[in-house]
>>> print(open('coords22.cif').read())   # mmCIF, C-alpha atoms and all ligand atoms
data_entry
loop_
_atom_site.label_atom_id
_atom_site.label_comp_id
_atom_site.auth_asym_id
_atom_site.auth_seq_id
_atom_site.Cartn_x
_atom_site.Cartn_y
_atom_site.Cartn_z
CA MET A 1 -57.18 -19.93 -45.07
CA PRO A 2 -54.14 -21.32 -46.95
CA THR A 3 -51.31 -22.45 -44.65
CA GLU A 4 -48.82 -19.87 -45.88
CA GLU A 5 -51.27 -17.02 -45.40
CA LEU A 6 -52.14 -18.34 -41.93
CA ARG A 7 -48.46 -18.38 -41.00
CA GLN A 8 -48.00 -14.81 -42.16
CA ASP A 9 -51.04 -13.58 -40.25
CA ALA A 10 -50.02 -15.52 -37.15
CA ASP A 11 -46.58 -13.93 -37.23
CA ARG A 12 -48.17 -10.56 -37.69
CA TYR A 13 -50.95 -10.71 -35.09
CA LEU A 14 -49.80 -13.14 -32.41
CA MET A 15 -47.16 -12.31 -29.82
CA ASN A 16 -43.93 -14.04 -30.57
CA THR A 17 -43.99 -16.67 -27.81
CA TYR A 18 -43.83 -19.94 -29.76
CA ALA A 19 -41.65 -21.43 -32.49
CA ARG A 20 -44.40 -23.34 -34.29
CA SER A 21 -43.94 -26.17 -36.77
CA PRO A 22 -45.08 -25.08 -40.24
CA ILE A 23 -48.35 -27.01 -40.47
CA SER A 24 -51.95 -25.91 -39.96
CA VAL A 25 -53.79 -28.55 -37.91
CA VAL A 26 -57.47 -28.65 -38.79
CA ARG A 27 -58.92 -31.88 -37.39
CA GLY A 28 -58.14 -35.05 -35.50
CA ARG A 29 -59.41 -38.61 -35.15
CA GLY A 30 -58.12 -41.06 -32.60
CA SER A 31 -54.33 -40.79 -32.45
CA LYS A 32 -54.06 -38.94 -35.76
CA VAL A 33 -54.38 -35.31 -36.79
CA TYR A 34 -54.71 -33.83 -40.27
CA ASP A 35 -53.38 -30.62 -41.71
CA LEU A 36 -55.07 -28.25 -44.11
CA GLU A 37 -53.69 -30.10 -47.12
CA GLY A 38 -55.17 -33.35 -45.80
CA ARG A 39 -51.85 -34.85 -44.73
CA GLU A 40 -52.10 -37.32 -41.87
CA TYR A 41 -49.84 -37.19 -38.79
CA LEU A 42 -49.47 -39.82 -36.11
CA ASP A 43 -49.78 -37.82 -32.90
CA PHE A 44 -47.21 -38.59 -30.21
CA VAL A 45 -47.55 -35.08 -28.78
CA ALA A 46 -51.31 -35.14 -28.04
CA GLY A 47 -51.44 -31.39 -27.49
CA VAL A 48 -48.52 -31.75 -25.04
CA ALA A 49 -49.95 -34.63 -22.99
CA VAL A 50 -53.47 -33.22 -23.09
CA ASN A 51 -55.63 -35.32 -25.43
CA VAL A 52 -55.59 -38.47 -23.27
CA LEU A 53 -58.59 -39.93 -25.11
CA GLY A 54 -57.19 -38.92 -28.48
CA HIS A 55 -59.14 -36.76 -30.90
CA GLY A 56 -62.88 -36.88 -31.37
CA HIS A 57 -63.62 -39.50 -28.72
CA PRO A 58 -67.41 -39.97 -29.00
CA ASP A 59 -68.13 -40.15 -25.26
CA LEU A 60 -66.13 -37.00 -24.58
CA ILE A 61 -67.77 -35.09 -27.44
CA ALA A 62 -71.23 -36.22 -26.31
CA ALA A 63 -70.59 -35.09 -22.72
CA ILE A 64 -69.39 -31.67 -23.89
CA GLN A 65 -72.33 -31.21 -26.29
CA LYS A 66 -74.87 -32.23 -23.68
CA GLN A 67 -73.51 -29.87 -21.04
CA ALA A 68 -73.13 -27.00 -23.52
CA GLN A 69 -76.83 -27.24 -24.29
CA HIS A 70 -77.76 -26.90 -20.62
CA LEU A 71 -75.31 -24.34 -19.27
CA LEU A 72 -71.92 -22.97 -20.28
CA HIS A 73 -71.12 -20.95 -17.19
CA ALA A 74 -72.76 -19.73 -14.01
CA SER A 75 -69.82 -18.66 -11.73
CA ASN A 76 -68.94 -19.93 -8.30
CA LEU A 77 -71.58 -17.79 -6.63
CA TYR A 78 -73.90 -20.77 -7.18
CA TYR A 79 -73.80 -24.57 -7.09
CA THR A 80 -73.31 -26.41 -10.36
CA GLU A 81 -73.48 -30.17 -10.62
CA PRO A 82 -70.60 -31.09 -12.99
CA GLN A 83 -68.04 -29.37 -10.75
CA THR A 84 -69.24 -31.15 -7.63
CA ARG A 85 -69.43 -34.50 -9.38
CA LEU A 86 -65.91 -34.17 -10.77
CA ALA A 87 -64.57 -33.21 -7.33
CA LYS A 88 -66.29 -36.26 -5.83
CA ALA A 89 -64.83 -38.54 -8.51
CA LEU A 90 -61.31 -37.16 -7.97
CA VAL A 91 -61.61 -37.57 -4.20
CA GLU A 92 -62.92 -41.13 -4.54
CA HIS A 93 -59.92 -42.08 -6.67
CA SER A 94 -57.10 -40.31 -4.86
CA PHE A 95 -55.62 -39.55 -1.43
CA ALA A 96 -57.38 -36.16 -1.43
CA LYS A 97 -60.47 -35.03 0.45
CA LYS A 98 -61.04 -31.60 -1.17
CA VAL A 99 -60.63 -30.03 -4.61
CA PHE A 100 -60.26 -26.48 -5.93
CA PHE A 101 -60.84 -26.00 -9.66
CA CYS A 102 -59.12 -23.51 -11.95
CA ASN A 103 -58.23 -23.36 -15.64
CA SER A 104 -54.64 -24.45 -16.18
CA GLY A 105 -51.66 -26.19 -14.68
CA ALA A 106 -49.96 -22.96 -13.67
CA GLU A 107 -53.11 -21.82 -11.90
CA ALA A 108 -53.36 -25.14 -10.10
CA ASN A 109 -49.80 -24.64 -8.86
CA GLU A 110 -50.61 -21.06 -7.85
CA ALA A 111 -53.42 -22.49 -5.73
CA ALA A 112 -51.07 -25.07 -4.22
CA ILE A 113 -48.45 -22.44 -3.39
CA LYS A 114 -51.05 -20.17 -1.78
CA LEU A 115 -52.59 -23.05 0.14
CA ALA A 116 -49.20 -24.19 1.47
CA ARG A 117 -48.21 -20.68 2.51
CA ARG A 118 -51.51 -20.06 4.25
CA TYR A 119 -51.42 -23.41 6.04
CA ALA A 120 -47.94 -22.74 7.39
CA HIS A 121 -48.74 -19.12 8.15
CA GLN A 122 -51.80 -20.02 10.21
CA LYS A 123 -50.12 -22.84 12.06
CA TYR A 124 -46.55 -21.59 12.51
CA GLY A 125 -46.56 -17.86 11.79
CA ALA A 126 -45.43 -15.52 9.03
CA GLU A 127 -41.79 -16.72 9.06
CA ARG A 128 -42.67 -20.12 7.66
CA TYR A 129 -43.24 -19.45 3.97
CA GLU A 130 -40.43 -21.10 2.04
CA ILE A 131 -41.07 -23.78 -0.56
CA ILE A 132 -38.26 -26.09 -1.67
CA THR A 133 -38.45 -27.03 -5.36
CA MET A 134 -36.21 -29.02 -7.71
CA LEU A 135 -33.64 -28.00 -10.26
CA GLN A 136 -34.81 -28.80 -13.83
CA SER A 137 -38.42 -28.62 -12.67
CA PHE A 138 -41.26 -26.95 -14.51
CA HIS A 139 -44.31 -25.53 -12.79
CA GLY A 140 -45.69 -22.92 -15.20
CA ARG A 141 -45.24 -19.43 -16.61
CA THR A 142 -47.01 -17.16 -14.13
CA MET A 143 -44.76 -15.13 -11.83
CA ALA A 144 -45.21 -17.46 -8.86
CA THR A 145 -44.85 -20.65 -10.87
CA LEU A 146 -41.86 -19.49 -12.89
CA SER A 147 -40.28 -18.50 -9.58
CA ALA A 148 -40.96 -22.04 -8.36
CA THR A 149 -39.45 -23.49 -11.53
CA GLY A 150 -35.81 -24.53 -11.16
CA GLN A 151 -34.68 -23.44 -14.63
CA GLU A 152 -32.96 -20.15 -15.28
CA LYS A 153 -34.11 -19.96 -18.90
CA VAL A 154 -37.73 -19.73 -17.72
CA GLN A 155 -36.91 -16.94 -15.26
CA LYS A 156 -34.43 -14.83 -17.20
CA GLY A 157 -35.54 -11.24 -17.76
CA PHE A 158 -38.52 -11.46 -15.42
CA GLU A 159 -36.71 -10.62 -12.20
CA PRO A 160 -37.41 -9.80 -9.44
CA LEU A 161 -38.79 -13.27 -8.86
CA LEU A 162 -41.31 -14.05 -6.17
CA PRO A 163 -39.26 -14.64 -3.02
CA GLY A 164 -39.53 -17.77 -0.94
CA PHE A 165 -38.29 -20.55 -3.20
CA THR A 166 -35.14 -22.64 -2.71
CA TYR A 167 -33.93 -25.07 -5.35
CA VAL A 168 -32.21 -28.40 -4.77
CA PRO A 169 -31.12 -31.23 -7.09
CA PHE A 170 -33.85 -33.73 -8.03
CA ASN A 171 -33.77 -37.27 -6.64
CA ASN A 172 -31.45 -36.28 -3.81
CA LEU A 173 -32.99 -36.69 -0.38
CA SER A 174 -30.05 -35.38 1.60
CA ALA A 175 -30.06 -32.16 -0.47
CA VAL A 176 -33.63 -31.58 0.70
CA GLU A 177 -32.74 -32.41 4.29
CA GLN A 178 -29.91 -29.92 4.20
CA ALA A 179 -32.05 -27.17 2.65
CA VAL A 180 -34.90 -27.47 5.14
CA SER A 181 -35.07 -24.88 7.90
CA SER A 182 -37.63 -23.44 10.30
CA LYS A 183 -38.84 -21.37 7.33
CA THR A 184 -39.78 -24.39 5.23
CA ALA A 185 -43.51 -24.66 4.54
CA ALA A 186 -43.56 -27.17 1.71
CA ILE A 187 -41.64 -29.25 -0.80
CA LEU A 188 -42.88 -29.16 -4.38
CA LEU A 189 -41.90 -31.60 -7.12
CA GLU A 190 -43.03 -33.44 -10.21
CA PRO A 191 -43.09 -37.24 -9.75
CA VAL A 192 -41.67 -37.35 -13.28
CA GLN A 193 -40.00 -34.18 -14.48
CA GLY A 194 -41.61 -33.69 -17.88
CA GLU A 195 -40.25 -30.48 -19.38
CA GLY A 196 -36.98 -31.10 -17.54
CA GLY A 197 -36.19 -34.12 -19.70
CA VAL A 198 -38.46 -36.97 -18.52
CA ARG A 199 -36.73 -37.82 -15.25
CA VAL A 200 -38.52 -40.24 -12.93
CA ALA A 201 -38.38 -39.80 -9.17
CA ASP A 202 -36.93 -42.84 -7.38
CA LYS A 203 -39.31 -44.73 -5.12
CA SER A 204 -36.90 -44.53 -2.21
CA TYR A 205 -36.62 -40.78 -2.72
CA VAL A 206 -40.40 -40.25 -2.69
CA LYS A 207 -40.77 -42.54 0.30
CA GLY A 208 -37.99 -40.67 2.08
CA LEU A 209 -39.56 -37.30 1.30
CA ARG A 210 -42.93 -38.53 2.52
CA GLU A 211 -41.57 -39.64 5.87
CA PHE A 212 -39.35 -36.60 6.27
CA CYS A 213 -42.23 -34.18 5.56
CA ARG A 214 -44.68 -35.99 7.80
CA ALA A 215 -42.29 -35.87 10.75
CA ARG A 216 -41.91 -32.07 10.42
CA ASP A 217 -45.41 -31.12 9.25
CA ILE A 218 -43.94 -29.84 6.00
CA LEU A 219 -46.47 -30.14 3.18
CA LEU A 220 -45.50 -32.42 0.32
CA ILE A 221 -46.85 -31.11 -2.99
CA PHE A 222 -46.83 -33.15 -6.19
CA ASP A 223 -47.21 -31.30 -9.46
CA GLU A 224 -49.02 -33.97 -11.46
CA VAL A 225 -50.09 -31.56 -14.17
CA GLN A 226 -48.29 -33.73 -16.73
CA THR A 227 -48.15 -37.09 -14.95
CA GLY A 228 -51.75 -37.17 -13.72
CA VAL A 229 -54.92 -38.58 -15.29
CA GLY A 230 -53.53 -41.92 -16.43
CA ARG A 231 -50.46 -40.65 -18.25
CA THR A 232 -48.02 -42.85 -16.33
CA GLY A 233 -50.12 -46.03 -16.23
CA THR A 234 -51.94 -45.35 -12.98
CA LEU A 235 -54.49 -42.59 -12.48
CA PHE A 236 -51.80 -40.59 -10.64
CA ALA A 237 -48.07 -41.21 -10.69
CA TYR A 238 -47.75 -41.10 -6.89
CA GLU A 239 -49.60 -44.43 -6.73
CA GLN A 240 -46.48 -46.11 -8.15
CA LEU A 241 -43.87 -44.10 -6.30
CA GLY A 242 -44.17 -44.97 -2.65
CA GLY A 243 -46.09 -42.12 -1.07
CA ALA A 244 -49.08 -39.82 -1.44
CA PRO A 245 -48.64 -36.05 -1.21
CA ASP A 246 -50.62 -33.61 0.95
CA ILE A 247 -51.42 -31.46 -2.08
CA MET A 248 -51.53 -32.45 -5.76
CA THR A 249 -52.09 -30.36 -8.86
CA LEU A 250 -53.66 -31.46 -12.13
CA GLY A 251 -54.11 -29.84 -15.53
CA LYS A 252 -53.27 -30.98 -19.05
CA GLY A 253 -55.13 -34.30 -19.50
CA LEU A 254 -57.91 -33.67 -16.99
CA GLY A 255 -60.33 -32.10 -19.49
CA GLY A 256 -59.29 -34.31 -22.39
CA GLY A 257 -58.61 -31.14 -24.42
CA LEU A 258 -60.74 -28.53 -22.66
CA PRO A 259 -58.93 -26.18 -20.30
CA ILE A 260 -59.17 -27.10 -16.63
CA GLY A 261 -56.83 -27.29 -13.67
CA ALA A 262 -57.31 -28.66 -10.18
CA CYS A 263 -55.62 -28.45 -6.81
CA LEU A 264 -56.38 -31.43 -4.57
CA ALA A 265 -55.56 -31.63 -0.88
CA THR A 266 -56.00 -33.51 2.36
CA GLU A 267 -58.70 -32.29 4.71
CA GLU A 268 -56.13 -30.71 6.99
CA ALA A 269 -54.25 -28.79 4.30
CA ALA A 270 -57.43 -27.73 2.50
CA ALA A 271 -58.76 -26.17 5.70
CA ALA A 272 -56.34 -23.26 5.21
CA PHE A 273 -58.65 -21.86 2.52
CA GLU A 274 -61.92 -20.18 3.48
CA PRO A 275 -64.29 -17.92 1.54
CA GLY A 276 -62.40 -14.91 0.24
CA THR A 277 -58.93 -16.48 0.24
CA HIS A 278 -58.83 -17.89 -3.28
CA ALA A 279 -61.08 -17.82 -6.33
CA SER A 280 -61.36 -18.16 -10.09
CA THR A 281 -64.13 -16.81 -12.31
CA PHE A 282 -64.02 -19.72 -14.74
CA GLY A 283 -62.79 -22.33 -12.24
CA GLY A 284 -64.98 -25.42 -12.27
CA ASN A 285 -66.62 -24.39 -15.51
CA PRO A 286 -69.53 -26.79 -16.16
CA VAL A 287 -68.42 -27.77 -19.66
CA SER A 288 -64.79 -28.41 -18.67
CA CYS A 289 -65.96 -30.40 -15.65
CA ALA A 290 -68.38 -32.46 -17.74
CA ALA A 291 -65.42 -33.21 -20.00
CA GLY A 292 -63.31 -34.16 -16.96
CA LEU A 293 -66.01 -36.56 -15.78
CA ALA A 294 -66.18 -38.18 -19.20
CA VAL A 295 -62.38 -38.54 -19.21
CA LEU A 296 -62.30 -40.20 -15.78
CA ARG A 297 -65.24 -42.47 -16.61
CA THR A 298 -63.64 -43.59 -19.87
CA LEU A 299 -60.26 -44.18 -18.24
CA LEU A 300 -61.70 -46.20 -15.38
CA GLU A 301 -64.87 -47.88 -16.66
CA GLY A 302 -63.83 -48.00 -20.31
CA ARG A 303 -60.51 -49.58 -19.31
CA VAL A 304 -58.48 -47.01 -21.23
CA LEU A 305 -56.24 -46.62 -18.18
CA GLU A 306 -55.33 -50.29 -18.32
CA HIS A 307 -54.82 -50.13 -22.08
CA GLY A 308 -52.55 -47.09 -21.67
CA ARG A 309 -50.48 -48.92 -19.08
CA ARG A 310 -49.95 -51.85 -21.45
CA MET A 311 -49.11 -49.53 -24.33
CA GLY A 312 -46.66 -47.67 -22.07
CA ASP A 313 -44.80 -50.91 -21.39
CA TYR A 314 -44.81 -51.76 -25.09
CA LEU A 315 -43.52 -48.32 -26.08
CA ALA A 316 -40.78 -48.38 -23.44
CA GLN A 317 -39.64 -51.81 -24.60
CA GLY A 318 -39.50 -50.67 -28.23
CA LEU A 319 -37.54 -47.54 -27.35
CA HIS A 320 -35.08 -49.59 -25.30
CA ASP A 321 -34.61 -51.92 -28.27
CA ILE A 322 -33.68 -48.92 -30.44
CA LYS A 323 -31.28 -47.71 -27.77
CA ASP A 324 -29.56 -51.10 -27.73
CA ARG A 325 -28.97 -50.86 -31.48
CA LEU A 326 -28.14 -47.19 -32.02
CA PRO A 327 -25.31 -45.45 -30.15
CA ILE A 328 -26.91 -42.06 -30.92
CA VAL A 329 -29.41 -42.93 -28.16
CA LYS A 330 -27.92 -42.27 -24.75
CA GLU A 331 -30.78 -43.23 -22.49
CA VAL A 332 -34.47 -44.13 -22.49
CA ARG A 333 -36.53 -43.32 -19.40
CA GLY A 334 -40.09 -42.68 -18.37
CA LEU A 335 -43.22 -44.05 -16.79
CA GLY A 336 -46.22 -45.34 -18.74
CA LEU A 337 -46.99 -43.21 -21.77
CA LEU A 338 -44.62 -40.47 -20.68
CA GLN A 339 -41.38 -41.62 -22.27
CA GLY A 340 -38.18 -39.80 -23.10
CA MET A 341 -35.26 -40.72 -25.31
CA GLU A 342 -32.06 -38.82 -24.64
CA LEU A 343 -29.83 -38.45 -27.69
CA THR A 344 -26.13 -37.67 -27.87
CA VAL A 345 -27.04 -34.90 -30.34
CA ASP A 346 -29.57 -32.07 -30.58
CA GLY A 347 -33.09 -33.43 -31.16
CA LYS A 348 -34.63 -30.52 -33.04
CA SER A 349 -33.79 -31.77 -36.52
CA VAL A 350 -35.11 -35.22 -35.58
CA VAL A 351 -38.44 -33.59 -34.72
CA THR A 352 -38.39 -31.86 -38.12
CA ASP A 353 -37.60 -35.11 -39.94
CA CYS A 354 -40.41 -36.88 -38.10
CA LEU A 355 -42.84 -34.14 -39.10
CA ALA A 356 -41.85 -34.58 -42.75
CA ARG A 357 -42.59 -38.30 -42.40
CA GLY A 358 -46.02 -37.72 -40.83
CA LEU A 359 -45.11 -38.15 -37.18
CA LEU A 360 -45.55 -35.60 -34.39
CA ILE A 361 -43.09 -35.81 -31.50
CA ASN A 362 -41.41 -33.10 -29.50
CA CYS A 363 -38.13 -32.43 -27.80
CA THR A 364 -37.33 -31.05 -24.34
CA VAL A 365 -34.06 -29.73 -22.93
CA ASP A 366 -32.47 -29.89 -26.42
CA ARG A 367 -31.62 -33.58 -26.53
CA VAL A 368 -34.57 -35.47 -25.10
CA LEU A 369 -37.25 -36.68 -27.50
CA ARG A 370 -40.54 -36.90 -25.66
CA PHE A 371 -43.37 -39.31 -26.44
CA VAL A 372 -46.76 -38.56 -24.88
CA PRO A 373 -49.39 -40.10 -27.18
CA PRO A 374 -53.09 -40.42 -26.39
CA LEU A 375 -53.79 -43.31 -24.01
CA ILE A 376 -55.90 -44.93 -26.75
CA ILE A 377 -52.80 -45.38 -28.94
CA THR A 378 -52.65 -48.84 -30.51
CA GLN A 379 -49.80 -51.33 -30.73
CA ALA A 380 -49.75 -50.93 -34.54
CA GLU A 381 -49.38 -47.16 -34.14
CA ILE A 382 -46.51 -47.62 -31.69
CA ASP A 383 -44.90 -50.00 -34.19
CA ARG A 384 -45.20 -47.28 -36.82
CA LEU A 385 -43.48 -44.77 -34.52
CA LEU A 386 -40.68 -47.23 -33.72
CA ASP A 387 -40.19 -48.02 -37.38
CA LEU A 388 -39.94 -44.34 -38.34
CA LEU A 389 -37.62 -43.58 -35.43
CA ASN A 390 -35.40 -46.47 -36.42
CA GLN A 391 -35.14 -45.15 -39.95
CA ILE A 392 -34.62 -41.50 -39.01
CA LEU A 393 -32.15 -42.11 -36.17
CA GLY A 394 -30.44 -44.93 -38.07
CA LYS A 395 -29.41 -42.49 -40.79
CA ARG A 396 -27.55 -40.38 -38.27
CA VAL A 397 -25.25 -42.97 -36.79
C1 LIG A 401 -47.50 -28.05 -18.48
C2 LIG A 401 -47.11 -28.03 -17.06
C3 LIG A 401 -47.44 -26.96 -16.20
C4 LIG A 401 -48.11 -25.72 -16.71
O1 LIG A 401 -49.41 -25.94 -17.14
P1 LIG A 401 -50.15 -24.80 -17.99
O2 LIG A 401 -51.53 -25.38 -18.21
O3 LIG A 401 -49.39 -24.59 -19.24
O4 LIG A 401 -50.19 -23.59 -17.15
C5 LIG A 401 -47.11 -27.06 -14.87
N1 LIG A 401 -46.49 -28.15 -14.38
C6 LIG A 401 -46.14 -29.19 -15.16
C7 LIG A 401 -45.46 -30.36 -14.56
C8 LIG A 401 -46.43 -29.16 -16.52
O5 LIG A 401 -46.06 -30.18 -17.30
#
>>> encode(input="coords22.cif", output="structure tokens")
Amino acid sequence: MPTEELRQDADRYLMNTYARSPISVVRGRGSKVYDLEGREYLDFVAGVAVNVLGHGHPDLIAAIQKQAQHLLHASNLYYTEPQTRLAKALVEHSFAKKVFFCNSGAEANEAAIKLARRYAHQKYGAERYEIITMLQSFHGRTMATLSATGQEKVQKGFEPLLPGFTYVPFNNLSAVEQAVSSKTAAILLEPVQGEGGVRVADKSYVKGLREFCRARDILLIFDEVQTGVGRTGTLFAYEQLGGAPDIMTLGKGLGGGLPIGACLATEEAAAAFEPGTHASTFGGNPVSCAAGLAVLRTLLEGRVLEHGRRMGDYLAQGLHDIKDRLPIVKEVRGLGLLQGMELTVDGKSVVTDCLARGLLINCTVDRVLRFVPPLIITQAEIDRLLDLLNQILGKRV
């Protein structure tokens, strides 16, 4: 279908929830995607931090094809091997002892919120239900997760919100200490705020939260939907930030492009769920889990994790170099291959200019350009990005 016709039909038949860029993406290879007209784009969006192995990775495709031939779906009324194997792999490589699978990041956070409430409810009674979250956070678009999100623009028009959330400034330990009460069940945060403008939690802050929560039996929940699965240079961001959580959520990169979410927990926290308390029809879908296993195997055994870490350092250095030259760049921050560049001006037109030059990037909170390429990105491809950014931003000074 020609691009213009596709746009018209999309506007006509799809609910108006996205402002899409005017290209029709039809295929991808490595860190590049191609539109209907055959134009090539260097992909620093990666499906919003999803395609960690890039496009068309042969091991991922093979794992999906193989599983699809055996079984697409069987439900959680029965045992299926890919789900159990992926849970085992996640447990072996994290703090967690148990996993619940679902289909998206928001659902993973729903599971975490329910688990935290039930844990506190069972142990301390019905009055202990509150979850402290951070301003500028992002946890999803369902009613519970948008209520947990500390951004008014996500919540506006959907009131009444789910009660039981209190918001405090990010990276401020004493704000948390002041907000905690006998009602507090959990503290929920992203180790790096992604949608909120690529803001990295300080090590001392995470360490402080960890100790504070442990002393009061308050559950510490990390939303690693964006930061998890190698994005920040380690398998999970908490490994670099001075403390493991009690509950962690995953999504985005876990399936390498197939939908899957996961809620991981310590033995003690996980014990709050029992049959009948939480469920998902598609959760732990065999094909998505086979994809997840291929992703983890490729990251760990195929050394893509290590490569991504090196490329993250290289990208950060290049972005800092641009910042040192161009006053239009206010700040560069990030961890691994989750990097943000805050401009002194609105970033939307920069995104448009990049698109016209064959480069996909995106922009959060108006002024922060975000770079989340596949972890297989090469140094030459990063050089290409830096060169284009230099040209495009250089014109605006
Ligand atoms: C993307 C994101 C979510 C929501 O994930 P969905 O799969 O869109 O529901 C939640 N938390 C964080 C940190 C995210 O980046």
>>> closest_atom_pairs(input="coords22.cif", of="chain A", to="ligand LIG 401 (chain A)", cutoff="6 Å", atoms="all atoms listed in the file", output="CSV")
residue,atom,partner,partner_atom,distance
A:Ser104,CA,A:LIG401,O2,3.8
A:Gly105,CA,A:LIG401,O1,3.3
A:Ala106,CA,A:LIG401,O4,3.5
A:Phe138,CA,A:LIG401,N1,5.4
A:His139,CA,A:LIG401,N1,3.8
A:Gly140,CA,A:LIG401,C4,4.0
A:Glu190,CA,A:LIG401,C7,5.9
A:Gly194,CA,A:LIG401,O5,5.7
A:Asp223,CA,A:LIG401,C7,5.5
A:Glu224,CA,A:LIG401,C7,5.9
A:Val225,CA,A:LIG401,C6,4.7
A:Gln226,CA,A:LIG401,O5,4.2
A:Gly251,CA,A:LIG401,O2,5.8
A:Lys252,CA,A:LIG401,O2,5.9
>>> residues_near_point(input="coords22.cif", point="(-53.3, -26.8, -7.0)", cutoff="9 Å", atoms="all atoms listed in the file", output="PDB file with C-alpha atoms, in the coordinates of the input")
ATOM      1  CA  VAL A  99     -60.630 -30.030  -4.610  1.00  0.00           C
ATOM      2  CA  PHE A 100     -60.260 -26.480  -5.930  1.00  0.00           C
ATOM      3  CA  PHE A 101     -60.840 -26.000  -9.660  1.00  0.00           C
ATOM      4  CA  CYS A 102     -59.120 -23.510 -11.950  1.00  0.00           C
ATOM      5  CA  GLY A 105     -51.660 -26.190 -14.680  1.00  0.00           C
ATOM      6  CA  ALA A 106     -49.960 -22.960 -13.670  1.00  0.00           C
ATOM      7  CA  GLU A 107     -53.110 -21.820 -11.900  1.00  0.00           C
ATOM      8  CA  ALA A 108     -53.360 -25.140 -10.100  1.00  0.00           C
ATOM      9  CA  ASN A 109     -49.800 -24.640  -8.860  1.00  0.00           C
ATOM     10  CA  GLU A 110     -50.610 -21.060  -7.850  1.00  0.00           C
ATOM     11  CA  ALA A 111     -53.420 -22.490  -5.730  1.00  0.00           C
ATOM     12  CA  ALA A 112     -51.070 -25.070  -4.220  1.00  0.00           C
ATOM     13  CA  ILE A 113     -48.450 -22.440  -3.390  1.00  0.00           C
ATOM     14  CA  LYS A 114     -51.050 -20.170  -1.780  1.00  0.00           C
ATOM     15  CA  LEU A 115     -52.590 -23.050   0.140  1.00  0.00           C
ATOM     16  CA  ILE A 221     -46.850 -31.110  -2.990  1.00  0.00           C
ATOM     17  CA  ASP A 223     -47.210 -31.300  -9.460  1.00  0.00           C
ATOM     18  CA  ILE A 247     -51.420 -31.460  -2.080  1.00  0.00           C
ATOM     19  CA  MET A 248     -51.530 -32.450  -5.760  1.00  0.00           C
ATOM     20  CA  THR A 249     -52.090 -30.360  -8.860  1.00  0.00           C
ATOM     21  CA  LEU A 250     -53.660 -31.460 -12.130  1.00  0.00           C
ATOM     22  CA  GLY A 261     -56.830 -27.290 -13.670  1.00  0.00           C
ATOM     23  CA  ALA A 262     -57.310 -28.660 -10.180  1.00  0.00           C
ATOM     24  CA  CYS A 263     -55.620 -28.450  -6.810  1.00  0.00           C
ATOM     25  CA  LEU A 264     -56.380 -31.430  -4.570  1.00  0.00           C
ATOM     26  CA  ALA A 265     -55.560 -31.630  -0.880  1.00  0.00           C
TER      27      ALA A 265
END
>>> atom_distance(input="coords22.cif", atom1="CA of Gly28 in chain A", atom2="CA of Gly56 in chain A")
6.5 Å
>>> atom_distance(input="coords22.cif", atom1="CA of Ile187 in chain A", atom2="CA of Ile218 in chain A")
7.2 Å
>>> atom_distance(input="coords22.cif", atom1="CA of Ile23 in chain A", atom2="CA of Ala46 in chain A")
15.1 Å
>>> residues_around(input="coords22.cif", residues="range 309-320 of chain A", least_positions_apart="2", cutoff="7 Å", atoms="all atoms listed in the file", output="list of chain:residue names")
A:Gly233, A:Leu305, A:Glu306, A:His307, A:Ile322, A:Lys323, A:Asp324, A:Val332, A:Gly336, A:Leu337, A:Gln339, A:Gln379, A:Ile382, A:Leu386
>>> write_last_selection(input="coords22.cif", atoms="C-alpha atoms", output="mmCIF file, in the frame of the given file")
data_model
loop_
_atom_site.group_PDB
_atom_site.id
_atom_site.type_symbol
_atom_site.label_atom_id
_atom_site.label_comp_id
_atom_site.auth_asym_id
_atom_site.auth_seq_id
_atom_site.Cartn_x
_atom_site.Cartn_y
_atom_site.Cartn_z
ATOM 1 C CA GLY A 233 -50.120 -46.030 -16.230
ATOM 2 C CA LEU A 305 -56.240 -46.620 -18.180
ATOM 3 C CA GLU A 306 -55.330 -50.290 -18.320
ATOM 4 C CA HIS A 307 -54.820 -50.130 -22.080
ATOM 5 C CA ILE A 322 -33.680 -48.920 -30.440
ATOM 6 C CA LYS A 323 -31.280 -47.710 -27.770
ATOM 7 C CA ASP A 324 -29.560 -51.100 -27.730
ATOM 8 C CA VAL A 332 -34.470 -44.130 -22.490
ATOM 9 C CA GLY A 336 -46.220 -45.340 -18.740
ATOM 10 C CA LEU A 337 -46.990 -43.210 -21.770
ATOM 11 C CA GLN A 339 -41.380 -41.620 -22.270
ATOM 12 C CA GLN A 379 -49.800 -51.330 -30.730
ATOM 13 C CA ILE A 382 -46.510 -47.620 -31.690
ATOM 14 C CA LEU A 386 -40.680 -47.230 -33.720
#
>>> residues_around(input="coords22.cif", residues="Tyr238 in chain A", least_positions_apart="3", cutoff="12 Å", atoms="all atoms listed in the file", output="count of residues only")
38
>>> residues_near_point(input="coords22.cif", point="(-50.5, -23.9, -39.4)", cutoff="10 Å", atoms="only C-alpha atoms", output="MDAnalysis selection string")
chainID A and resid 1:8 10 20:26 35:36
>>> closest_residue(input="coords22.cif", among="A:Arg117, A:Leu293, A:Ala356, A:Asp217", to="Glu81 in chain A", atoms="only C-alpha atoms")
A:Leu293
>>> residues_around(input="coords22.cif", residues="Leu343 in chain A", least_positions_apart="5", cutoff="8 Å", atoms="all atoms listed in the file", output="list in words")
Ile328, Val329, Lys330, Glu331, Arg367, Val368 and Leu369 of chain A
>>> residues_around(input="coords22.cif", residues="Leu53 in chain A", least_positions_apart="4", cutoff="6 Å", atoms="all atoms listed in the file", output="PyMOL selection string")
chain A and resi 374-376
